[in-house]
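Q: One file is attached below, upload_39.txt, containing compact mmCIF, C-alpha atoms and all ligand atoms.
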# COMPACT_ATOMS: atom_id res chain seq x y z
CA MET Z 21 6.80 -20.96 -0.95
CA LYS Z 22 5.51 -20.23 -4.46
CA ILE Z 23 4.60 -16.56 -4.45
CA ALA Z 24 3.38 -14.13 -7.12
CA ILE Z 25 3.44 -10.37 -6.67
CA ALA Z 26 0.59 -8.82 -8.65
CA GLY Z 27 1.63 -5.21 -9.20
CA SER Z 28 5.41 -5.05 -9.01
CA GLY Z 29 6.05 -1.32 -8.79
CA ALA Z 30 7.96 0.29 -5.93
CA LEU Z 31 6.70 -1.75 -3.00
CA GLY Z 32 5.85 -4.90 -4.97
CA SER Z 33 9.49 -4.98 -6.08
CA ARG Z 34 10.67 -4.41 -2.50
CA PHE Z 35 8.60 -7.34 -1.20
CA GLY Z 36 9.38 -9.52 -4.22
CA PHE Z 37 13.10 -8.90 -3.75
CA ALA Z 38 13.04 -9.73 -0.03
CA LEU Z 39 11.00 -12.91 -0.54
CA HIS Z 40 13.24 -14.03 -3.42
CA GLN Z 41 16.38 -13.47 -1.30
CA ALA Z 42 14.78 -15.67 1.37
CA ASP Z 43 14.60 -18.56 -1.13
CA ASN Z 44 10.94 -18.37 -2.00
CA GLU Z 45 9.97 -19.06 -5.61
CA VAL Z 46 8.86 -15.58 -6.64
CA VAL Z 47 7.33 -14.35 -9.87
CA LEU Z 48 6.63 -10.65 -10.44
CA ILE Z 49 3.55 -9.68 -12.46
CA ASP Z 50 3.10 -6.25 -14.00
CA ASN Z 51 1.87 -4.47 -17.12
CA TRP Z 52 4.46 -1.70 -17.39
CA VAL Z 53 6.47 -2.59 -20.49
CA ASP Z 54 9.62 -0.52 -19.75
CA HIS Z 55 9.79 -1.94 -16.23
CA ILE Z 56 9.38 -5.52 -17.47
CA ASN Z 57 12.03 -5.07 -20.17
CA ALA Z 58 14.51 -3.51 -17.72
CA ILE Z 59 14.08 -6.38 -15.22
CA ARG Z 60 14.37 -9.00 -17.97
CA GLU Z 61 17.54 -7.41 -19.32
CA HIS Z 62 19.35 -6.36 -16.14
CA GLY Z 63 17.52 -8.13 -13.29
CA LEU Z 64 15.60 -6.25 -10.60
CA LYS Z 65 17.73 -3.47 -9.16
CA MET Z 66 16.85 -2.91 -5.52
CA THR Z 67 18.52 -0.18 -3.49
CA ILE Z 68 18.06 -0.67 0.24
CA ASP Z 69 19.55 1.93 2.58
CA ASN Z 70 21.92 3.14 -0.18
CA GLN Z 71 23.17 -0.34 -1.08
CA THR Z 72 22.17 -1.55 -4.51
CA HIS Z 73 21.47 -5.24 -5.12
CA ASN Z 74 20.53 -7.08 -8.24
CA ALA Z 75 18.28 -10.12 -8.47
CA ALA Z 76 17.27 -12.26 -11.41
CA ILE Z 77 13.55 -12.56 -10.66
CA PRO Z 78 11.13 -13.60 -13.41
CA ILE Z 79 8.61 -10.96 -14.42
CA ILE Z 80 5.59 -11.53 -16.64
CA THR Z 81 2.42 -9.76 -17.71
CA PRO Z 82 -0.88 -11.28 -16.59
CA GLN Z 83 -1.39 -12.44 -20.18
CA GLU Z 84 1.87 -14.42 -20.00
CA ILE Z 85 0.87 -16.59 -17.02
CA PRO Z 86 1.74 -20.12 -18.16
CA ALA Z 87 -1.04 -22.70 -18.32
CA ASN Z 88 -1.30 -24.96 -15.27
CA VAL Z 89 1.02 -22.83 -13.13
CA THR Z 90 -0.48 -21.63 -9.87
CA VAL Z 91 0.97 -20.15 -6.68
CA GLU Z 92 0.38 -20.69 -2.98
CA LEU Z 93 0.38 -16.98 -2.16
CA LEU Z 94 -0.52 -13.97 -4.30
CA ILE Z 95 0.45 -10.60 -2.83
CA VAL Z 96 -1.32 -7.68 -4.48
CA PHE Z 97 0.62 -4.42 -4.73
CA THR Z 98 -1.21 -2.49 -7.42
CA LYS Z 99 -2.56 0.98 -6.88
CA ALA Z 100 -6.07 0.79 -5.40
CA MET Z 101 -7.75 1.72 -8.69
CA GLN Z 102 -5.94 -1.14 -10.52
CA LEU Z 103 -6.84 -3.85 -8.00
CA ASP Z 104 -10.11 -5.07 -9.51
CA GLN Z 105 -8.72 -5.42 -13.03
CA MET Z 106 -5.48 -7.04 -11.82
CA LEU Z 107 -7.36 -9.71 -9.86
CA GLN Z 108 -9.48 -10.42 -12.91
CA ASP Z 109 -6.36 -10.70 -15.09
CA VAL Z 110 -4.32 -12.96 -12.76
CA LYS Z 111 -7.10 -15.51 -12.19
CA PRO Z 112 -5.13 -18.20 -14.10
CA ILE Z 113 -2.35 -18.15 -11.47
CA MET Z 114 -4.78 -18.88 -8.63
CA ASN Z 115 -6.24 -22.23 -7.64
CA ASP Z 116 -8.85 -22.97 -4.96
CA ASN Z 117 -6.19 -22.82 -2.25
CA THR Z 118 -4.21 -19.77 -3.34
CA LYS Z 119 -4.08 -17.24 -0.51
CA VAL Z 120 -4.36 -13.57 -1.45
CA LEU Z 121 -2.70 -10.95 0.73
CA CYS Z 122 -3.57 -7.26 0.29
CA LEU Z 123 -1.46 -4.58 1.99
CA LEU Z 124 -2.61 -1.64 -0.15
CA ASN Z 125 -3.14 1.76 1.41
CA GLY Z 126 -6.77 2.75 1.84
CA ILE Z 127 -9.99 1.33 3.19
CA GLY Z 128 -12.39 -1.36 1.94
CA HIS Z 129 -10.22 -3.37 -0.48
CA GLU Z 130 -11.59 -6.66 0.87
CA ASP Z 131 -14.91 -5.94 -0.87
CA ILE Z 132 -13.16 -5.77 -4.24
CA ILE Z 133 -11.04 -8.87 -3.54
CA ALA Z 134 -14.11 -10.83 -2.45
CA LYS Z 135 -15.53 -10.41 -5.97
CA HIS Z 136 -12.69 -12.66 -7.21
CA VAL Z 137 -11.50 -14.79 -4.26
CA SER Z 138 -13.35 -16.81 -1.63
CA ARG Z 139 -13.23 -15.14 1.78
CA LYS Z 140 -11.35 -18.04 3.38
CA ASN Z 141 -8.40 -17.24 1.10
CA ILE Z 142 -8.32 -13.47 1.77
CA PHE Z 143 -5.78 -11.92 4.13
CA ILE Z 144 -5.67 -8.16 4.66
CA GLY Z 145 -3.48 -5.68 6.45
CA ASN Z 146 -1.05 -2.90 5.76
CA THR Z 147 2.61 -2.00 5.78
CA MET Z 148 4.86 0.76 7.01
CA TRP Z 149 7.65 -0.19 4.58
CA THR Z 150 8.41 2.56 2.07
CA ALA Z 151 9.72 2.42 -1.47
CA ASN Z 152 9.91 4.49 -4.61
CA LEU Z 153 10.76 3.77 -8.21
CA VAL Z 154 14.04 5.34 -9.29
CA ALA Z 155 13.60 4.19 -12.88
CA PRO Z 156 12.00 1.25 -14.70
CA GLY Z 157 13.49 -1.89 -13.15
CA HIS Z 158 14.91 -0.03 -10.15
CA SER Z 159 13.16 0.37 -6.79
CA GLU Z 160 14.63 2.09 -3.78
CA SER Z 161 13.74 1.74 -0.13
CA PHE Z 162 15.15 2.98 3.12
CA GLY Z 163 14.49 2.80 6.84
CA ALA Z 164 12.63 0.24 8.85
CA GLY Z 165 9.12 -1.03 8.25
CA SER Z 166 6.58 -3.57 9.36
CA VAL Z 167 3.52 -5.49 8.22
CA ASN Z 168 0.31 -6.23 10.10
CA LEU Z 169 -2.11 -8.78 8.73
CA GLN Z 170 -5.10 -10.93 9.59
CA ASN Z 171 -7.36 -13.51 7.97
CA LEU Z 172 -10.72 -12.19 6.75
CA ALA Z 173 -12.61 -15.43 7.43
CA PRO Z 174 -12.75 -16.87 10.96
CA GLY Z 175 -10.76 -20.08 11.36
CA GLU Z 176 -7.86 -19.09 9.11
CA GLU Z 177 -5.71 -17.67 11.93
CA ASN Z 178 -2.99 -20.32 11.58
CA MET Z 179 -2.64 -19.56 7.89
CA ALA Z 180 -2.40 -15.82 8.65
CA ILE Z 181 0.36 -16.57 11.18
CA ALA Z 182 2.13 -18.78 8.62
CA ILE Z 183 2.03 -15.98 6.02
CA ALA Z 184 3.36 -13.49 8.57
CA ASP Z 185 6.19 -15.96 9.32
CA VAL Z 186 7.13 -16.20 5.63
CA LEU Z 187 7.33 -12.40 5.44
CA THR Z 188 9.30 -12.14 8.66
CA GLU Z 189 11.78 -14.78 7.50
CA ALA Z 190 12.36 -12.48 4.53
CA GLY Z 191 13.15 -9.60 6.91
CA LEU Z 192 9.80 -7.85 6.41
CA ASN Z 193 8.89 -7.78 10.11
CA ALA Z 194 5.31 -9.05 9.86
CA HIS Z 195 2.83 -9.53 12.68
CA PHE Z 196 -0.48 -11.32 12.99
CA THR Z 197 -3.05 -8.92 14.42
CA GLU Z 198 -6.38 -9.78 15.99
CA ASN Z 199 -7.97 -6.47 15.06
CA VAL Z 200 -6.94 -5.75 11.52
CA HIS Z 201 -9.63 -3.15 10.87
CA ASN Z 202 -8.26 -1.09 13.71
CA THR Z 203 -4.77 -1.42 12.20
CA ILE Z 204 -6.09 -0.47 8.77
CA TYR Z 205 -7.83 2.65 10.12
CA LEU Z 206 -4.71 3.59 12.08
CA LYS Z 207 -2.56 3.36 8.96
CA ALA Z 208 -5.27 5.19 7.00
CA CYS Z 209 -4.79 8.08 9.44
CA VAL Z 210 -1.15 8.24 8.31
CA ASN Z 211 -2.13 8.20 4.64
CA GLY Z 212 -5.09 10.52 5.22
CA THR Z 213 -2.73 13.16 6.60
CA MET Z 214 0.76 12.60 5.17
CA ASN Z 215 -0.14 11.63 1.62
CA GLY Z 216 -2.46 14.49 0.67
CA LEU Z 217 -0.71 17.20 2.67
CA CYS Z 218 2.86 16.32 1.57
CA THR Z 219 1.63 16.12 -2.02
CA LEU Z 220 -0.03 19.53 -1.94
CA LEU Z 221 2.83 21.15 -0.06
CA ASP Z 222 5.52 19.29 -2.05
CA VAL Z 223 7.50 18.20 1.01
CA ASN Z 224 8.64 14.99 2.66
CA MET Z 225 7.08 13.90 5.96
CA ALA Z 226 9.85 15.30 8.18
CA ASP Z 227 9.66 18.73 6.54
CA PHE Z 228 5.87 18.73 6.84
CA GLY Z 229 6.20 17.82 10.53
CA ALA Z 230 8.45 20.83 11.11
CA THR Z 231 5.74 23.30 10.00
CA LYS Z 232 3.97 25.34 12.66
CA ASP Z 233 0.44 24.09 12.13
CA ALA Z 234 1.29 20.45 11.33
CA HIS Z 235 -0.07 19.13 14.63
CA ASP Z 236 -3.42 20.95 14.31
CA MET Z 237 -3.90 19.84 10.72
CA VAL Z 238 -3.14 16.22 11.58
CA ALA Z 239 -5.42 16.32 14.63
CA SER Z 240 -8.37 17.73 12.64
CA ILE Z 241 -8.12 15.01 10.01
CA VAL Z 242 -7.52 12.15 12.45
CA LYS Z 243 -10.65 13.16 14.41
CA GLU Z 244 -12.72 12.70 11.25
CA PHE Z 245 -11.23 9.23 10.62
CA ALA Z 246 -11.99 8.26 14.24
CA ALA Z 247 -15.58 9.55 14.06
CA VAL Z 248 -16.28 7.51 10.92
CA ALA Z 249 -14.42 4.43 12.22
CA ALA Z 250 -16.67 4.38 15.30
CA PHE Z 251 -19.66 3.70 13.01
CA GLU Z 252 -17.81 0.61 11.74
CA ASN Z 253 -17.14 -0.68 15.27
CA VAL Z 254 -13.51 0.40 15.12
CA GLN Z 255 -12.54 2.37 18.19
CA LEU Z 256 -9.57 4.60 17.39
CA ASP Z 257 -7.87 6.40 20.24
CA VAL Z 258 -7.42 9.87 18.70
CA GLU Z 259 -4.33 10.83 20.75
CA GLU Z 260 -2.68 7.49 20.02
CA ALA Z 261 -3.46 7.84 16.30
CA ILE Z 262 -1.99 11.36 16.18
CA GLU Z 263 1.14 10.09 17.92
CA PHE Z 264 1.35 7.23 15.42
CA VAL Z 265 1.15 9.70 12.50
CA GLU Z 266 3.75 12.01 14.04
CA LYS Z 267 6.26 9.14 14.37
CA CYS Z 268 6.56 9.37 10.57
CA TYR Z 269 8.45 12.69 10.91
CA ASP Z 270 11.53 10.91 12.29
CA ARG Z 271 14.36 11.40 9.79
CA THR Z 272 16.21 8.37 11.17
CA THR Z 273 13.33 6.11 10.12
CA ILE Z 274 10.96 7.19 7.30
CA GLY Z 275 10.81 11.00 7.72
CA GLU Z 276 12.64 11.73 4.48
CA HIS Z 277 10.20 9.62 2.46
CA PHE Z 278 7.88 11.43 0.06
CA PRO Z 279 4.57 9.56 0.46
CA SER Z 280 3.49 7.39 -2.45
CA MET Z 281 0.83 9.95 -3.43
CA HIS Z 282 3.54 12.56 -3.93
CA GLN Z 283 5.43 10.08 -6.10
CA ASP Z 284 2.28 9.40 -8.12
CA LEU Z 285 1.16 12.94 -8.80
CA ILE Z 286 4.13 15.27 -8.47
CA LYS Z 287 6.91 12.96 -9.69
CA ASN Z 288 5.14 10.62 -12.11
CA HIS Z 289 2.07 12.66 -13.10
CA ARG Z 290 -0.31 9.78 -12.40
CA LEU Z 291 -3.72 9.70 -10.71
CA THR Z 292 -3.72 9.32 -6.93
CA GLU Z 293 -5.45 6.97 -4.46
CA ILE Z 294 -7.19 9.87 -2.68
CA ASP Z 295 -10.68 8.42 -3.32
CA TYR Z 296 -9.68 5.30 -1.32
CA ILE Z 297 -8.29 7.30 1.61
CA ASN Z 298 -9.80 10.73 2.48
CA GLY Z 299 -12.44 10.26 -0.23
CA ALA Z 300 -13.52 7.00 1.43
CA ILE Z 301 -13.94 8.81 4.75
CA SER Z 302 -16.02 11.53 3.06
CA ARG Z 303 -18.28 8.93 1.44
CA LYS Z 304 -18.67 6.96 4.67
CA GLY Z 305 -19.23 10.22 6.56
CA ARG Z 306 -22.15 11.06 4.28
CA LYS Z 307 -23.54 7.55 4.79
CA TYR Z 308 -23.33 7.73 8.61
CA GLY Z 309 -24.26 11.42 8.94
CA VAL Z 310 -20.77 12.40 10.15
CA SER Z 311 -19.42 15.74 9.02
CA THR Z 312 -15.93 15.42 7.42
CA PRO Z 313 -14.99 18.91 6.12
CA TYR Z 314 -11.20 18.37 6.22
CA CYS Z 315 -11.38 15.10 4.26
CA ASP Z 316 -13.87 16.61 1.82
CA PHE Z 317 -11.63 19.62 1.16
CA LEU Z 318 -8.41 17.59 0.95
CA THR Z 319 -10.04 15.24 -1.56
CA GLN Z 320 -11.20 18.20 -3.65
CA LEU Z 321 -7.77 19.85 -3.51
CA ILE Z 322 -6.01 16.66 -4.66
CA HIS Z 323 -8.52 16.20 -7.48
CA ALA Z 324 -7.96 19.84 -8.50
CA LYS Z 325 -4.20 19.23 -8.48
CA GLU Z 326 -4.75 16.10 -10.62
CA ASP Z 327 -6.79 18.19 -13.05
CA ILE Z 328 -4.04 20.82 -13.23
CA ILE Z 329 -1.12 18.39 -13.57
CA LEU Z 330 -2.74 15.77 -15.79
CA LYS Z 331 -4.67 18.10 -18.11
N1 LIG B 401 5.48 3.29 -2.12
C1 LIG B 401 5.34 3.27 -0.81
O1 LIG B 401 6.23 3.70 -0.06
C2 LIG B 401 4.11 2.69 -0.19
C3 LIG B 401 3.03 2.27 -0.95
N2 LIG B 401 1.95 1.68 -0.32
C4 LIG B 401 0.82 1.21 -1.10
O2 LIG B 401 1.21 0.08 -1.88
C5 LIG B 401 0.47 0.04 -3.10
C6 LIG B 401 1.45 0.00 -4.27
O3 LIG B 401 2.16 1.24 -4.25
P1 LIG B 401 3.52 1.51 -5.02
O4 LIG B 401 4.39 0.31 -4.97
O5 LIG B 401 4.04 2.78 -4.51
O6 LIG B 401 2.98 1.69 -6.51
P2 LIG B 401 3.75 1.97 -7.87
O7 LIG B 401 3.13 3.16 -8.51
O8 LIG B 401 5.22 1.98 -7.71
O9 LIG B 401 3.38 0.69 -8.69
C7 LIG B 401 2.04 0.29 -8.89
C8 LIG B 401 1.78 0.00 -10.35
O10 LIG B 401 1.71 1.23 -11.07
C9 LIG B 401 2.20 1.06 -12.41
N3 LIG B 401 3.26 2.06 -12.62
C10 LIG B 401 3.95 2.69 -11.64
N4 LIG B 401 4.76 3.64 -12.16
C11 LIG B 401 4.55 3.62 -13.49
C12 LIG B 401 5.03 4.40 -14.56
N5 LIG B 401 5.91 5.41 -14.36
N6 LIG B 401 4.58 4.15 -15.79
C13 LIG B 401 3.69 3.18 -16.01
N7 LIG B 401 3.16 2.41 -15.01
C14 LIG B 401 3.59 2.62 -13.77
C15 LIG B 401 2.60 -0.36 -12.51
O11 LIG B 401 1.45 -1.11 -12.88
P3 LIG B 401 0.79 -1.22 -14.31
O12 LIG B 401 1.86 -1.24 -15.33
O13 LIG B 401 0.00 -2.48 -14.22
O14 LIG B 401 -0.07 0.00 -14.45
C16 LIG B 401 2.86 -0.74 -11.07
O15 LIG B 401 2.67 -2.11 -10.84
C17 LIG B 401 -0.44 1.27 -3.08
O16 LIG B 401 -1.68 0.97 -2.53
C18 LIG B 401 0.30 2.22 -2.13
O17 LIG B 401 -0.54 3.17 -1.53
C19 LIG B 401 1.93 1.45 1.01
C20 LIG B 401 2.97 1.85 1.80
C21 LIG B 401 4.10 2.55 1.28
C1 LIG B 402 3.14 5.64 5.47
C2 LIG B 402 3.75 5.87 4.12
C3 LIG B 402 4.01 7.32 3.98
C4 LIG B 402 4.99 5.05 4.12
O1 LIG B 402 4.74 3.73 4.56
C5 LIG B 402 2.87 5.38 3.02
O2 LIG B 402 2.03 4.55 3.24
C6 LIG B 402 2.96 5.91 1.64
O3 LIG B 402 4.03 6.33 1.19
O4 LIG B 402 1.93 5.90 0.97
With the file now loaded, output its structure as structure tokens.
Ligand SMILES: NC(=O)C1=CN([C@@H]2O[C@H](COP(=O)(O)OP(=O)(O)OC[C@H]3O[C@@H](n4cnc5c(N)ncnc54)[C@H](OP(=O)(O)O)[C@@H]3O)[C@@H](O)[C@H]2O)C=CC1
Ligand SMILES: CC(C)(CO)C(=O)C(=O)O
A:
Amino acid sequence: MKIAIAGSGALGSRFGFALHQADNEVVLIDNWVDHINAIREHGLKMTIDNQTHNAAIPIITPQEIPANVTVELLIVFTKAMQLDQMLQDVKPIMNDNTKVLCLLNGIGHEDIIAKHVSRKNIFIGNTMWTANLVAPGHSESFGAGSVNLQNLAPGEENMAIAIADVLTEAGLNAHFTENVHNTIYLKACVNGTMNGLCTLLDVNMADFGATKDAHDMVASIVKEFAAVAAFENVQLDVEEAIEFVEKCYDRTTIGEHFPSMHQDLIKNHRLTEIDYINGAISRKGRKYGVSTPYCDFLTQLIHAKEDIILK
């Protein structure tokens, strides 16, 4: 399959590498000059479970998309705040049949995608794969992961299944789900707890999980996500969601991962996606008349930390 990855940072590189190894025709798209130069000079370095591989995968900026070249599948892996601009910039690589798959963390990305792509071509979901950038041109990933996805428009189920199959053939363990908004809210509970809290406390997920009040903090936040989700016809089972979050503490799977928000703010001194995670719940809470004090405070704390670190 002809596939472009729009936003080829940590996870975009991980997916691009796996799909390339599975004989798909992959092109990486990014704007980060050092990263592009490193991949052009040395290939993409991908460390998976402590084994480093190298792959000669083409990487271009959106401005370098050749005329009359389009892809069958575009996977977006920007940060949430870059999504709108990236979709605008990569328009030349899409034709009327190009499918767009979004696995970004956060809630509501389909509204941004729908500004650029017809709904029949939009596929949304999320992923439990983890990755981090070691250096420009070098992504690292460990542990197991999965992908859940669904078509946005009714009638595109077979295409969603076909996309999941392409990912699974590349070892990315993808599943078609019939209730993607439930899956997205469930994953948002992980990000709404792990990302902000591990960033503020400067710990990985396993070390956070070992703290005395971890369970209570997680439960308080998850209850707010569930209360808001109910207004969007998504019924989250709170106990199940807490259990799902707490699985992330397992050191034999992804427990030693520092969530992507920690990588953004603490390691790379970049803005975070908090407004698309806890901030989204606060905004929706205000809209539906649901009180969300934990999400409000966590959003404010992360913004304060951004102000301190990025000043
Ligand atoms: N990393 C993870 O483990 C996971 C991430 N996700 C989600 O996947 C999406 C992509 O995340 P992730 O792959 O971590 O994002 P990255 O930060 O690794 O990459 C995203 C983009 O940020 C820019 N960038 C990153 N680092 C630098 C840098 N040091 N200097 C300049 N530019 C840089 C690049 O775009 P540009 O040059 O165009 O600015 C890059 O394409 C997010 O929504 C995230 O929440 C979901 C699950 C796990
Ligand atoms: C769940 C987790 C922590 C890893 O998949 C993640 O989504 C992130 O790092 O942002």
Q: Mind giving me the axis-aligned box for ligand LIG 402 (chain B) with 6 Å on every side, centre plus edges in Å to one decimal, as AutoDock Vina command-line options?
A:
--center_x 3.5 --center_y 5.5 --center_z 3.2 --size_x 15.1 --size_y 15.6 --size_z 16.5
Q: Could you name the residues that touch Leu217 of chain Z at 12 Å or less, counting all atoms listed in the file, but leaving out those on the same chain fewer than 6 positions away, as a count of residues only?
A: 29
Q: Hey, which residues come within 9 Å of ligand LIG 402 (chain B) if we count only C-alpha atoms and all ligand atoms? Could you give them as JSON, numbers by chain?
A: {"Z": [124, 125, 146, 147, 148, 149, 150, 151, 152, 165, 166, 207, 208, 210, 211, 214, 215, 225, 265, 268, 274, 275, 277, 278, 279, 280, 281, 282, 283]}
Q: So how far away is atom CA of Ala134 of chain Z from atom CA of Asp116 of chain Z, in Å?
A: 13.5 Å
Q: When you count all atoms listed in the file, which of these residues is closest to ligand LIG 401 (chain B): Z:Asn88, Z:Gln105, Z:Asn70, Z:Ser28?
A: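 Answer, going by the shortest atom-to-atom distance: Z:Ser28.
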Q: Could you check the closest approach to His195 of chain Z for each of Z:Asp295, Z:Leu220, Z:Gly145, Z:Ser161 and tell me which residue wins, using all atoms listed in the file?
A: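 Selected residue with least distance to His195 of chain Z: Z:Gly145.
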Q: Could you state the separation of atom C3 of ligand LIG 401 (chain B) and atom CA of Lys232 of chain Z in Å, given to one decimal place?
A: 26.8 Å
Q: Considering all atoms listed in the file, return as a list in words whatever protein or nucleic-acid residues lie within 8 Å of segment 118-123 of chain Z, sequence-local ones (same chain, fewer than 5 positions apart) excluded.
A: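 Result of the neighbour search: Thr90, Val91, Glu92, Leu93, Leu94, Ile95, Val96, Phe97, His129, Val137, Asn141, Ile142, Phe143, Ile144, Gly145, Asn146, Thr147 and Leu169 of chain Z.
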Q: How many Å separate atom CA of His40 of chain Z from atom CA of Ile68 of chain Z?
A: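 Result for atom CA of His40 of chain Z versus atom CA of Ile68 of chain Z: 14.7 Å, one decimal.
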Q: Which residue out of Z:Ala24, Z:Ile301, Z:Ile77, Z:Ala100 has the minimum interatomic distance to ligand LIG 401 (chain B) when only C-alpha atoms and all ligand atoms are used?
A: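 Of the candidates, the smallest distance to ligand LIG 401 (chain B) is held by Z:Ala100.
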Q: Residues near Asp104 of chain Z, anyone? I mean within 8 Å using all atoms listed in the file, not counting same-chain ones fewer than 3 positions away, as a short mmCIF file (atom, residue, chain, number, x, y, z; two decimals) with C-alpha atoms, keeping the file's coordinate frame.
A:
data_model
loop_
_atom_site.label_atom_id
_atom_site.label_comp_id
_atom_site.auth_asym_id
_atom_site.auth_seq_id
_atom_site.Cartn_x
_atom_site.Cartn_y
_atom_site.Cartn_z
CA MET Z 101 -7.75 1.72 -8.69
CA LEU Z 107 -7.36 -9.71 -9.86
CA GLN Z 108 -9.48 -10.42 -12.91
CA ILE Z 132 -13.16 -5.77 -4.24
CA ILE Z 133 -11.04 -8.87 -3.54
#
Q: Counting only C-alpha atoms, which residue out of Z:Leu291, Z:Cys209, Z:Met114, Z:Leu187 sits closest to Arg34 of chain Z?
A: Z:Leu187
Q: Can you list, as a PDB file with C-alpha atoms, in the coordinates of the input, every protein, DNA or RNA residue that comes within 12 Å of Gln41 of chain Z when you count all atoms listed in the file, leaving out same-chain residues fewer than 4 positions away?
A:
ATOM      1  CA  SER Z  33       9.490  -4.980  -6.080  1.00  0.00           C
ATOM      2  CA  ARG Z  34      10.670  -4.410  -2.500  1.00  0.00           C
ATOM      3  CA  PHE Z  35       8.600  -7.340  -1.200  1.00  0.00           C
ATOM      4  CA  GLY Z  36       9.380  -9.520  -4.220  1.00  0.00           C
ATOM      5  CA  PHE Z  37      13.100  -8.900  -3.750  1.00  0.00           C
ATOM      6  CA  GLU Z  45       9.970 -19.060  -5.610  1.00  0.00           C
ATOM      7  CA  VAL Z  46       8.860 -15.580  -6.640  1.00  0.00           C
ATOM      8  CA  LEU Z  64      15.600  -6.250 -10.600  1.00  0.00           C
ATOM      9  CA  MET Z  66      16.850  -2.910  -5.520  1.00  0.00           C
ATOM     10  CA  HIS Z  73      21.470  -5.240  -5.120  1.00  0.00           C
ATOM     11  CA  ASN Z  74      20.530  -7.080  -8.240  1.00  0.00           C
ATOM     12  CA  ALA Z  75      18.280 -10.120  -8.470  1.00  0.00           C
ATOM     13  CA  ALA Z  76      17.270 -12.260 -11.410  1.00  0.00           C
ATOM     14  CA  ILE Z  77      13.550 -12.560 -10.660  1.00  0.00           C
ATOM     15  CA  VAL Z 186       7.130 -16.200   5.630  1.00  0.00           C
ATOM     16  CA  LEU Z 187       7.330 -12.400   5.440  1.00  0.00           C
ATOM     17  CA  GLU Z 189      11.780 -14.780   7.500  1.00  0.00           C
ATOM     18  CA  ALA Z 190      12.360 -12.480   4.530  1.00  0.00           C
ATOM     19  CA  GLY Z 191      13.150  -9.600   6.910  1.00  0.00           C
ATOM     20  CA  LEU Z 192       9.800  -7.850   6.410  1.00  0.00           C
TER      21      LEU Z 192
END
Q: Give the answer as one residue: which of Z:Ala246, Z:Ala324, Z:Ala164, Z:Ala239 has the shortest atom-to-atom distance to Asp270 of chain Z, using all atoms listed in the file?
A: Z:Ala164
Q: For ligand LIG 401 (chain B), which of Z:Pro313, Z:Gly212, Z:Pro112, Z:Gly63 is the closest residue, counting all atoms listed in the file?
A: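 For ligand LIG 401 (chain B), the nearest of the given residues is Z:Gly212.
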Q: What's the 9 Å shell around Phe196 of chain Z, counting only C-alpha atoms, without same-chain residues fewer than 4 positions away, as a ChimeraX atom specification?
A: /Z:167-171,177,180-181,183-185,200
